[in-house]
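Data file: run.cif. Format and content: mmCIF, C-alpha atoms and all ligand atoms.
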data_model
loop_
_atom_site.label_atom_id
_atom_site.label_comp_id
_atom_site.auth_asym_id
_atom_site.auth_seq_id
_atom_site.Cartn_x
_atom_site.Cartn_y
_atom_site.Cartn_z
CA MET I 424 129.82 160.37 37.75
CA THR I 425 131.12 159.21 34.52
CA ARG I 426 131.35 162.52 32.80
CA ILE I 427 133.72 160.90 30.31
CA ARG I 428 132.51 157.60 28.82
CA PHE I 429 133.89 155.52 26.02
CA THR I 430 133.00 152.42 24.11
CA THR I 431 134.68 150.36 21.42
CA ALA I 432 133.44 148.14 18.61
CA GLY I 433 135.12 145.84 16.13
CA GLU I 434 136.30 142.30 15.51
CA SER I 435 140.00 141.51 15.16
CA HIS I 436 139.70 140.56 11.47
CA GLY I 437 136.63 142.63 10.63
CA PRO I 438 136.81 145.72 8.42
CA ALA I 439 137.66 148.18 11.21
CA LEU I 440 137.66 149.09 14.88
CA VAL I 441 135.64 151.99 16.20
CA SER I 442 136.27 154.04 19.32
CA VAL I 443 133.76 156.55 20.70
CA ILE I 444 134.63 158.87 23.60
CA GLU I 445 132.03 161.21 24.99
CA GLY I 446 132.18 164.04 27.54
CA VAL I 447 135.42 165.71 26.44
CA PRO I 448 135.02 169.50 26.79
CA ALA I 449 135.01 171.76 23.73
CA GLY I 450 138.11 173.65 22.70
CA LEU I 451 140.77 171.01 23.31
CA ALA I 452 143.42 171.02 20.58
CA LEU I 453 143.40 167.50 19.13
CA LEU I 454 145.09 166.12 16.03
CA ALA I 455 144.98 162.63 14.54
CA ALA I 456 148.75 162.58 15.13
CA ASP I 457 148.18 162.83 18.92
CA VAL I 458 146.21 159.59 18.74
CA ASN I 459 148.36 157.83 16.13
CA ARG I 460 151.48 158.36 18.22
CA GLU I 461 149.90 156.32 21.02
CA LEU I 462 148.67 153.63 18.61
CA ALA I 463 152.22 153.22 17.31
CA ARG I 464 153.50 152.81 20.88
CA ARG I 465 150.97 149.99 21.44
CA GLN I 466 152.23 148.17 18.36
CA GLN I 467 155.81 147.96 19.50
CA GLY I 468 157.55 145.41 21.70
CA TYR I 469 159.80 142.41 21.20
CA GLY I 470 157.80 139.20 21.07
CA ARG I 471 154.80 140.49 19.09
CA GLY I 472 153.40 138.35 16.26
CA ARG I 473 153.24 138.95 12.49
CA ARG I 474 150.00 140.90 12.73
CA MET I 475 151.92 143.91 13.99
CA GLN I 476 153.88 143.96 10.71
CA ILE I 477 150.64 143.92 8.72
CA GLU I 478 148.96 146.77 10.59
CA GLN I 479 150.00 150.42 10.84
CA ASP I 480 147.21 151.59 13.09
CA ALA I 481 145.92 155.09 12.37
CA ILE I 482 142.63 156.84 13.03
CA GLU I 483 140.20 158.86 10.99
CA PHE I 484 138.03 161.24 13.00
CA LEU I 485 134.37 160.66 12.13
CA SER I 486 132.96 163.24 14.53
CA GLY I 487 133.59 165.53 17.47
CA VAL I 488 136.63 167.39 16.09
CA ARG I 489 136.70 170.40 13.76
CA ALA I 490 139.68 172.47 12.64
CA GLY I 491 141.91 170.70 15.15
CA GLU I 492 139.68 171.35 18.17
CA THR I 493 137.13 169.25 20.03
CA LEU I 494 133.48 170.35 19.80
CA GLY I 495 132.24 168.84 23.08
CA SER I 496 130.26 166.25 21.09
CA PRO I 497 131.08 162.51 20.97
CA ILE I 498 134.43 161.89 19.29
CA ALA I 499 134.22 158.84 17.01
CA MET I 500 137.40 157.36 15.56
CA LEU I 501 137.74 154.71 12.86
CA ILE I 502 140.76 152.41 12.67
CA ARG I 503 140.77 150.23 9.57
CA ASN I 504 142.17 146.70 9.77
CA LYS I 505 144.64 146.23 6.93
CA ASP I 506 144.33 142.46 7.44
CA TRP I 507 140.62 142.66 6.49
CA LYS I 508 141.46 142.05 2.83
CA ASN I 509 142.70 138.55 3.81
CA TRP I 510 139.61 137.81 5.94
CA SER I 511 136.72 139.37 4.03
CA GLU I 512 135.22 135.99 3.04
CA ILE I 513 135.64 134.56 6.52
CA MET I 514 134.29 137.63 8.31
CA ASP I 515 131.74 138.80 5.71
CA PRO I 516 128.77 140.25 7.62
CA ALA I 517 126.40 139.05 4.86
CA PRO I 518 125.39 135.38 4.60
CA ARG I 519 127.16 133.42 1.84
CA GLU I 520 125.85 130.57 -0.24
CA GLU I 521 128.41 128.07 1.03
CA ASP I 522 127.63 128.84 4.70
CA ALA I 523 124.68 126.41 4.75
CA THR I 524 126.67 123.51 3.25
CA GLU I 525 130.31 123.92 4.27
CA GLY I 526 130.12 126.63 6.93
CA ARG I 527 132.67 129.42 7.08
CA LYS I 528 136.36 128.73 6.56
CA ARG I 529 138.78 128.97 9.51
CA GLN I 530 136.33 127.76 12.12
CA LEU I 531 137.89 127.28 15.52
CA THR I 532 136.42 124.50 17.64
CA ARG I 533 139.52 123.15 19.45
CA VAL I 534 139.06 125.82 22.11
CA ARG I 535 142.17 127.32 23.75
CA PRO I 536 142.59 126.95 27.52
CA GLY I 537 142.81 130.41 29.07
CA HIS I 538 141.02 132.21 26.21
CA ALA I 539 137.34 133.23 26.14
CA ASP I 540 136.68 130.51 23.49
CA LEU I 541 134.90 127.79 25.50
CA SER I 542 132.99 129.89 28.05
CA GLY I 543 131.93 132.19 25.21
CA VAL I 544 130.71 129.31 23.02
CA PHE I 545 128.50 128.03 25.85
CA LYS I 546 127.27 131.45 26.90
CA TYR I 547 126.47 132.82 23.43
CA ASP I 548 125.44 129.41 22.05
CA ARG I 549 127.76 129.52 19.04
CA ALA I 550 129.12 126.56 17.06
CA ASP I 551 132.30 128.35 15.95
CA ALA I 552 134.54 129.87 18.64
CA ARG I 553 135.64 132.44 16.03
CA ASP I 554 132.36 134.19 16.87
CA ILE I 555 133.85 134.71 20.34
CA LEU I 556 137.58 135.07 19.80
CA GLU I 557 137.33 137.77 17.15
CA ARG I 558 136.01 140.14 19.81
CA ALA I 559 137.96 138.69 22.74
CA SER I 560 141.20 139.34 20.81
CA ALA I 561 143.45 141.97 22.33
CA ARG I 562 143.17 143.78 18.99
CA GLU I 563 140.26 145.57 20.68
CA THR I 564 142.76 147.40 22.86
CA THR I 565 143.74 149.52 19.82
CA ALA I 566 140.40 151.31 20.21
CA ARG I 567 140.96 151.73 23.96
CA VAL I 568 144.34 153.33 23.30
CA ALA I 569 142.70 155.72 20.79
CA ALA I 570 140.18 156.89 23.42
CA GLY I 571 142.95 157.00 26.03
CA ALA I 572 145.02 159.28 23.78
CA VAL I 573 142.21 161.85 23.82
CA ALA I 574 141.99 161.62 27.63
CA ARG I 575 145.76 162.00 27.82
CA ARG I 576 145.64 165.18 25.71
CA LEU I 577 143.10 166.66 28.11
CA LEU I 578 145.17 165.78 31.19
CA ALA I 579 148.32 167.18 29.56
CA GLU I 580 146.65 170.62 29.47
CA PHE I 581 146.85 170.54 33.28
CA GLY I 582 150.40 169.22 33.51
CA ILE I 583 149.36 165.62 34.25
CA THR I 584 151.61 163.05 32.56
CA ILE I 585 151.35 159.25 32.42
CA GLY I 586 154.22 156.86 31.81
CA SER I 587 154.93 153.16 32.18
CA HIS I 588 157.74 150.65 31.99
CA VAL I 589 158.12 146.87 32.22
CA VAL I 590 159.40 145.71 35.62
CA HIS I 591 159.06 141.94 35.15
CA LEU I 592 158.81 139.43 32.32
CA GLY I 593 158.39 135.66 32.65
CA GLY I 594 160.50 135.29 35.83
CA ILE I 595 163.01 138.09 35.07
CA ASP I 596 162.92 141.22 37.25
CA ALA I 597 164.05 144.57 35.84
CA ALA I 598 165.75 146.82 38.39
CA ALA I 599 164.05 150.21 38.62
CA PRO I 600 166.43 153.20 38.85
CA GLU I 601 166.54 154.93 42.26
CA VAL I 602 164.90 158.00 40.73
CA LEU I 603 162.64 157.43 37.74
CA PRO I 604 163.43 159.60 34.68
CA ALA I 605 161.39 162.80 34.32
CA ASP I 606 159.94 161.44 31.07
CA ILE I 607 159.48 157.71 31.70
CA ASN I 608 158.16 156.93 28.22
CA ALA I 609 161.01 158.75 26.47
CA ALA I 610 163.37 156.44 28.38
CA ALA I 611 161.31 153.22 28.08
CA ASP I 612 159.94 153.43 24.52
CA PRO I 613 163.30 152.97 22.75
CA SER I 614 163.78 149.67 24.63
CA PRO I 615 162.28 146.68 22.74
CA LEU I 616 160.89 145.51 26.09
CA ARG I 617 160.02 149.01 27.37
CA THR I 618 162.27 148.38 30.36
CA LEU I 619 164.74 150.74 32.05
CA ASP I 620 167.21 147.93 32.87
CA LYS I 621 169.53 147.01 29.97
CA ASN I 622 170.74 143.77 31.61
CA ALA I 623 167.23 142.53 32.19
CA GLU I 624 166.33 143.56 28.64
CA ALA I 625 168.98 141.22 27.19
CA GLN I 626 167.79 138.34 29.37
CA MET I 627 164.16 138.98 28.39
CA ILE I 628 165.04 138.90 24.69
CA GLU I 629 166.81 135.58 25.21
CA LEU I 630 163.80 134.19 27.07
CA ILE I 631 161.37 135.30 24.34
CA ASP I 632 163.53 133.67 21.64
CA LYS I 633 163.55 130.43 23.61
CA LEU I 634 159.81 130.49 24.28
CA LYS I 635 159.15 131.17 20.59
CA LYS I 636 161.15 128.08 19.64
CA ASP I 637 159.20 126.07 22.22
CA GLY I 638 155.82 127.40 21.06
CA ASN I 639 155.28 128.91 24.49
CA THR I 640 154.36 132.37 25.88
CA ALA I 641 155.21 134.72 28.79
CA GLY I 642 153.44 137.21 31.05
CA GLY I 643 154.84 140.04 33.13
CA ILE I 644 154.32 143.21 35.15
CA CYS I 645 154.29 146.91 34.20
CA GLU I 646 154.56 149.92 36.47
CA VAL I 647 152.33 152.89 35.57
CA VAL I 648 153.23 156.29 37.06
CA VAL I 649 151.09 159.44 36.85
CA ARG I 650 152.62 162.79 37.81
CA GLY I 651 151.14 166.25 38.25
CA LEU I 652 147.81 165.19 39.78
CA PRO I 653 146.09 167.59 42.18
CA VAL I 654 144.91 166.39 45.60
CA GLY I 655 141.19 165.63 45.54
CA LEU I 656 140.23 163.46 42.53
CA GLY I 657 137.86 160.61 43.42
CA SER I 658 136.04 160.39 46.75
CA HIS I 659 135.76 158.44 49.98
CA VAL I 660 131.98 158.84 50.30
CA SER I 661 130.64 155.85 48.34
CA TRP I 662 132.17 152.65 47.00
CA ASP I 663 131.64 153.52 43.36
CA ARG I 664 133.20 156.98 43.65
CA LYS I 665 136.47 155.67 45.09
CA LEU I 666 139.24 156.22 42.58
CA ASP I 667 141.17 153.09 43.62
CA GLY I 668 138.15 150.92 42.76
CA ARG I 669 137.53 152.77 39.50
CA LEU I 670 141.15 152.29 38.43
CA ALA I 671 141.13 148.61 39.41
CA ARG I 672 138.01 147.96 37.35
CA ALA I 673 139.44 149.67 34.28
CA ILE I 674 142.86 148.07 34.52
CA VAL I 675 141.75 144.52 35.33
CA SER I 676 139.41 144.65 32.31
CA ILE I 677 142.45 144.69 30.00
CA PRO I 678 142.71 141.27 28.28
CA ALA I 679 144.99 138.84 30.17
CA VAL I 680 145.48 141.22 33.13
CA LYS I 681 144.95 139.30 36.36
CA ALA I 682 145.96 141.74 39.10
CA MET I 683 146.72 145.36 39.94
CA GLU I 684 148.52 146.80 42.95
CA ILE I 685 148.33 150.40 44.18
CA GLY I 686 151.58 151.68 45.71
CA ALA I 687 153.09 149.08 48.03
CA GLY I 688 150.14 146.79 47.20
CA PHE I 689 150.44 143.20 48.47
CA SER I 690 153.73 143.94 50.24
CA ALA I 691 151.94 146.42 52.58
CA ALA I 692 150.01 143.49 54.08
CA ARG I 693 153.26 142.01 55.38
CA LYS I 694 154.47 145.22 57.10
CA SER I 695 153.43 147.16 60.21
CA GLY I 696 151.48 150.42 60.16
CA ALA I 697 154.53 152.45 61.09
CA GLU I 698 156.36 151.04 58.06
CA VAL I 699 153.48 151.50 55.64
CA HIS I 700 151.87 154.89 56.23
CA ASP I 701 153.49 157.89 54.59
CA GLU I 702 154.30 160.63 57.07
CA ILE I 703 153.09 164.10 56.13
CA GLU I 704 155.05 167.35 56.38
CA PRO I 705 154.61 171.00 55.37
CA ALA I 706 155.91 171.82 51.89
CA PRO I 707 156.04 175.52 51.10
CA GLY I 708 156.97 176.47 47.55
CA GLY I 709 155.15 176.73 44.24
CA GLU I 710 155.62 173.14 43.11
CA PHE I 711 153.43 171.92 45.99
CA ALA I 712 150.44 174.15 45.24
CA ARG I 713 148.57 171.09 43.87
CA THR I 714 148.91 169.22 47.15
CA GLY I 715 147.88 172.18 49.33
CA HIS I 716 151.52 172.76 50.34
CA VAL I 717 152.02 169.44 52.08
CA ARG I 718 153.97 166.39 51.04
CA ARG I 719 154.48 162.76 52.01
CA ARG I 720 157.95 161.65 53.04
CA THR I 721 157.36 158.37 51.20
CA ASN I 722 154.73 157.19 48.72
CA MET I 723 153.80 153.71 49.87
CA ALA I 724 150.14 154.66 49.32
CA GLY I 725 150.87 155.12 45.62
CA GLY I 726 149.14 158.49 45.46
CA LEU I 727 145.73 157.48 46.86
CA GLU I 728 144.30 157.74 50.38
CA GLY I 729 140.63 156.94 51.03
CA GLY I 730 139.98 156.60 47.31
CA ILE I 731 141.14 160.23 46.76
CA THR I 732 144.33 161.42 45.05
CA THR I 733 146.90 162.88 47.47
CA GLY I 734 148.81 164.77 44.79
CA GLU I 735 151.77 162.41 45.13
CA PRO I 736 152.51 160.35 41.99
CA LEU I 737 149.92 157.65 41.33
CA VAL I 738 151.79 154.33 41.13
CA LEU I 739 150.19 151.12 39.84
CA HIS I 740 151.63 147.67 39.16
CA VAL I 741 149.74 145.67 36.55
CA ALA I 742 150.21 141.91 36.10
CA MET I 743 149.47 140.10 32.83
CA LYS I 744 149.28 136.33 32.48
CA PRO I 745 151.02 134.64 29.54
CA ILE I 746 149.07 134.86 26.26
CA SER I 747 146.75 131.86 25.95
CA THR I 748 147.40 130.96 22.31
CA LEU I 749 150.29 128.48 22.36
CA MET I 750 151.92 127.26 19.17
CA ARG I 751 152.64 124.01 21.02
CA PRO I 752 149.04 123.47 22.05
CA LEU I 753 147.65 122.37 25.42
CA ALA I 754 145.04 119.67 25.90
CA THR I 755 141.43 120.70 25.41
CA ILE I 756 138.17 119.50 23.92
CA ASP I 757 136.65 119.99 20.50
CA ALA I 758 133.59 122.18 21.08
CA LYS I 759 131.83 120.50 18.11
CA THR I 760 132.05 116.94 19.49
CA GLY I 761 132.99 117.34 23.16
CA GLU I 762 135.92 114.97 22.58
CA ALA I 763 139.52 115.40 23.69
CA ALA I 764 141.71 117.38 21.26
CA ALA I 765 144.81 119.54 21.05
CA ALA I 766 143.99 123.28 21.22
CA ALA I 767 144.03 125.31 18.00
CA ALA I 768 147.18 127.32 17.30
CA GLU I 769 146.16 130.71 15.91
CA ARG I 770 148.81 133.25 14.96
CA SER I 771 149.70 135.11 18.13
CA ASP I 772 152.39 136.84 20.17
CA VAL I 773 154.99 135.27 22.49
CA THR I 774 154.41 138.19 24.83
CA ALA I 775 152.55 141.50 24.75
CA VAL I 776 153.66 142.86 28.13
CA PRO I 777 155.32 146.01 26.64
CA ALA I 778 152.05 146.80 24.81
CA MET I 779 150.03 146.09 27.94
CA GLY I 780 151.84 148.98 29.69
CA VAL I 781 150.70 151.36 26.94
CA ILE I 782 147.12 150.03 27.25
CA ALA I 783 147.24 150.40 31.04
CA GLU I 784 148.36 154.03 30.56
CA ALA I 785 145.35 154.58 28.29
CA MET I 786 142.87 153.06 30.75
CA THR I 787 144.42 155.09 33.57
CA ALA I 788 144.11 158.27 31.47
CA LEU I 789 140.42 157.57 30.81
CA VAL I 790 139.62 157.04 34.51
CA LEU I 791 141.59 160.12 35.54
CA ALA I 792 140.08 162.34 32.84
CA ASP I 793 136.65 161.22 34.06
CA ALA I 794 137.53 162.00 37.69
CA PHE I 795 139.11 165.32 36.66
CA THR I 796 136.08 166.56 34.71
CA GLU I 797 133.79 165.30 37.50
CA LYS I 798 135.69 167.44 40.01
CA PHE I 799 136.13 170.56 37.88
CA GLY I 800 133.18 170.39 35.45
CA GLY I 801 132.90 172.74 32.52
CA ASP I 802 131.69 172.38 28.95
CA SER I 803 134.71 174.13 27.47
CA LEU I 804 138.39 173.72 28.21
CA ASP I 805 138.54 177.37 29.41
CA GLU I 806 135.71 176.78 31.87
CA LEU I 807 137.41 173.63 33.14
CA ARG I 808 140.62 175.62 33.55
CA ARG I 809 138.91 178.44 35.48
CA ASN I 810 137.40 175.90 37.87
CA PHE I 811 140.72 174.09 38.27
CA ASP I 812 142.66 177.33 38.87
CA ALA I 813 140.14 178.49 41.49
CA TYR I 814 140.48 175.20 43.38
CA ILE I 815 144.29 175.22 43.29
CA SER I 816 144.34 178.84 44.43
CA HIS I 817 141.97 177.93 47.29
CA ILE I 818 143.90 174.88 48.57
CA SER I 819 147.28 176.52 48.16
CA THR I 820 146.35 179.54 50.31
CA ARG I 821 144.60 177.48 53.02
CA PHE I 822 147.51 177.62 55.45
CA SER I 823 148.79 181.08 54.56
CA SER I 824 145.92 183.19 55.94
C1 LIG J 1 146.48 141.91 18.40
C2 LIG J 1 146.11 141.39 17.22
C3 LIG J 1 145.90 139.95 17.07
C4 LIG J 1 146.86 139.17 17.97
C5 LIG J 1 146.81 139.62 19.42
C6 LIG J 1 146.67 141.08 19.61
O1 LIG J 1 146.13 139.71 15.73
P1 LIG J 1 146.02 138.27 15.01
O2 LIG J 1 144.99 137.48 15.79
O3 LIG J 1 145.56 138.62 13.63
O4 LIG J 1 147.41 137.74 15.04
O5 LIG J 1 148.18 139.35 17.53
O6 LIG J 1 145.72 139.02 20.07
C7 LIG J 1 145.97 138.02 20.98
C8 LIG J 1 147.12 137.79 21.49
C9 LIG J 1 144.82 137.21 21.34
O7 LIG J 1 145.01 136.25 22.14
O8 LIG J 1 143.74 137.43 20.84
C10 LIG J 1 146.71 143.34 18.56
O9 LIG J 1 146.41 144.17 17.65
O10 LIG J 1 147.20 143.72 19.64
#
How does the structure come out when it is put into structure tokens?
Ligand code: EPS
Amino acid sequence: MTRIRFTTAGESHGPALVSVIEGVPAGLALLAADVNRELARRQQGYGRGRRMQIEQDAIEFLSGVRAGETLGSPIAMLIRNKDWKNWSEIMDPAPREEDATEGRKRQLTRVRPGHADLSGVFKYDRADARDILERASARETTARVAAGAVARRLLAEFGITIGSHVVHLGGIDAAAPEVLPADINAAADPSPLRTLDKNAEAQMIELIDKLKKDGNTAGGICEVVVRGLPVGLGSHVSWDRKLDGRLARAIVSIPAVKAMEIGAGFSAARKSGAEVHDEIEPAPGGEFARTGHVRRRTNMAGGLEGGITTGEPLVLHVAMKPISTLMRPLATIDAKTGEAAAAAAERSDVTAVPAMGVIAEAMTALVLADAFTEKFGGDSLDELRRNFDAYISHISTRFSS
């Protein structure tokens, strides 16, 4: 497994973020613009903090791409932090004279409930929670989105598209249209909340303005939809090959994400089997070649049965808790003294749910690109395509002979 791996490095106010993705076949057309477009999507959303005005995230390829095509070698991408110039003393990797006497400026010891601050200080035995929060910051997700953009390019070659939209924010539900638009992101991205419901959007904006005044924050839920998948990615044979588990791990690792549902999710537990399981019927016609010329009458399963894709759209719901930095701080302790204190108020966002959808798309793309290359193999894009075409031709003629 794991034919496609990725890792990220970087502190929120350090010089740069780094993203390394490995296992992408050679010969995939890839431009910095393909990645930067996704980074720009992650930066949008009503309710973001001032940092998003400072940064204009963009990558430089350090390796793995030549003349606009991947080489099959690790692709390393550098994303410089524009804010670094304001933090270079505080984040300087080299020791400074004043460290011994005064310590670094902007220490954070009034640890924030809900953030990694306190557990991290204990675990890594640090005096300053900045040593923890700089890496725990959701700034790291920029590097995930960069890797995800490469995975998305690969999937696009095979007609697989990934979109998302916000379906809930801080107690406000957004009504989903009966039929989702063909291009979900083209419809959702122009909305400041990335929602498809204009009424809900206005209420969400009002809520965010109110929470901002109150020094408070909001969470919410995004729906991620993947179309164009073939039947047969993932496997039922062992726990760690099951695609549902692999997706859950990737998605729930996103900062502040507390839950993920597949298809009907929690609501399936309250229904009977006859209501939940999607009936299967023959489906002749070219568009169903990827599903072996069958289709489900419904998609309660959200595109996965037995940890394997069915070829129906993959549908995930991803829940994010409210951001844990509150401008009107909660009670905590001072990690220096152990005494009661009010939590530190670092610059932050009121909500980042619209961005979370973009990050969830990226993590989904990475898991699916891994499962896709695992199934179809190949060191070059052409080889991957030959293997894919042979499989589709095989499953689509299964019932015709
Ligand atoms: C983020 C950058 C951060 C935060 C946010 C996400 O920038 P700064 O800390 O300089 O304001 O805005 O991180 C958090 C909400 C958090 O709790 O760490 C980004 O690039 O997405």
Skipping near chain neighbours, those fewer than 3 positions away, what residues fall within 12 Å of I:Pro678 using only C-alpha atoms, listed as a PDB file with C-alpha atoms, in the frame of the given file?
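What ended up in selection_34.pdb:
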ATOM      1  CA  GLY I 537     142.810 130.410  29.070  1.00  0.00           C
ATOM      2  CA  HIS I 538     141.020 132.210  26.210  1.00  0.00           C
ATOM      3  CA  ALA I 539     137.340 133.230  26.140  1.00  0.00           C
ATOM      4  CA  LEU I 556     137.580 135.070  19.800  1.00  0.00           C
ATOM      5  CA  ARG I 558     136.010 140.140  19.810  1.00  0.00           C
ATOM      6  CA  ALA I 559     137.960 138.690  22.740  1.00  0.00           C
ATOM      7  CA  SER I 560     141.200 139.340  20.810  1.00  0.00           C
ATOM      8  CA  ALA I 561     143.450 141.970  22.330  1.00  0.00           C
ATOM      9  CA  ARG I 562     143.170 143.780  18.990  1.00  0.00           C
ATOM     10  CA  GLU I 563     140.260 145.570  20.680  1.00  0.00           C
ATOM     11  CA  THR I 564     142.760 147.400  22.860  1.00  0.00           C
ATOM     12  CA  THR I 565     143.740 149.520  19.820  1.00  0.00           C
ATOM     13  CA  ARG I 567     140.960 151.730  23.960  1.00  0.00           C
ATOM     14  CA  GLY I 642     153.440 137.210  31.050  1.00  0.00           C
ATOM     15  CA  ALA I 673     139.440 149.670  34.280  1.00  0.00           C
ATOM     16  CA  ILE I 674     142.860 148.070  34.520  1.00  0.00           C
ATOM     17  CA  VAL I 675     141.750 144.520  35.330  1.00  0.00           C
ATOM     18  CA  LYS I 681     144.950 139.300  36.360  1.00  0.00           C
ATOM     19  CA  ALA I 682     145.960 141.740  39.100  1.00  0.00           C
ATOM     20  CA  VAL I 741     149.740 145.670  36.550  1.00  0.00           C
ATOM     21  CA  ALA I 742     150.210 141.910  36.100  1.00  0.00           C
ATOM     22  CA  MET I 743     149.470 140.100  32.830  1.00  0.00           C
ATOM     23  CA  LYS I 744     149.280 136.330  32.480  1.00  0.00           C
ATOM     24  CA  PRO I 745     151.020 134.640  29.540  1.00  0.00           C
ATOM     25  CA  ILE I 746     149.070 134.860  26.260  1.00  0.00           C
ATOM     26  CA  SER I 747     146.750 131.860  25.950  1.00  0.00           C
ATOM     27  CA  ALA I 775     152.550 141.500  24.750  1.00  0.00           C
ATOM     28  CA  VAL I 776     153.660 142.860  28.130  1.00  0.00           C
ATOM     29  CA  ALA I 778     152.050 146.800  24.810  1.00  0.00           C
ATOM     30  CA  MET I 779     150.030 146.090  27.940  1.00  0.00           C
ATOM     31  CA  ILE I 782     147.120 150.030  27.250  1.00  0.00           C
ATOM     32  CA  ALA I 783     147.240 150.400  31.040  1.00  0.00           C
TER      33      ALA I 783
END
_Separation of atom CA of I:Pro604 from atom CA of I:Asp480 in Å_ =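 Taking atom CA of I:Asp480 as the start and atom CA of I:Pro604 as the end point, the length is 28.2 Å.
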*Contacts of I:Met500 at 6 Å or less, counting only C-alpha atoms, minus same-chain residues fewer than 4 places along, as a PyMOL selection string?*
chain I and resi 441-442+482-485
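At a cut-off of 9 Å from (146.0, 159.9, 37.3), the residue set is Leu578, Ile583, Thr584, Ile585, Val648, Val649, Arg650, Gly651, Leu652, Leu656, Gly726, Thr732, Pro736, Leu737, Val738, Thr787, Ala788, Leu789, Val790, Leu791, Ala792, Ala794 and Phe795 of chain I (counting only C-alpha atoms).
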Axis-aligned box for all listed atoms of ligand LIG 1 (chain J), 6 Å per side, centre and edges in Å to one decimal, as AutoDock Vina command-line options:
--center_x 146.0 --center_y 140.2 --center_z 17.9 --size_x 16.4 --size_y 19.9 --size_z 20.5
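Of note, atom CA of I:Gly800 and atom CA of I:Ala785 are spaced 21.2 Å apart.
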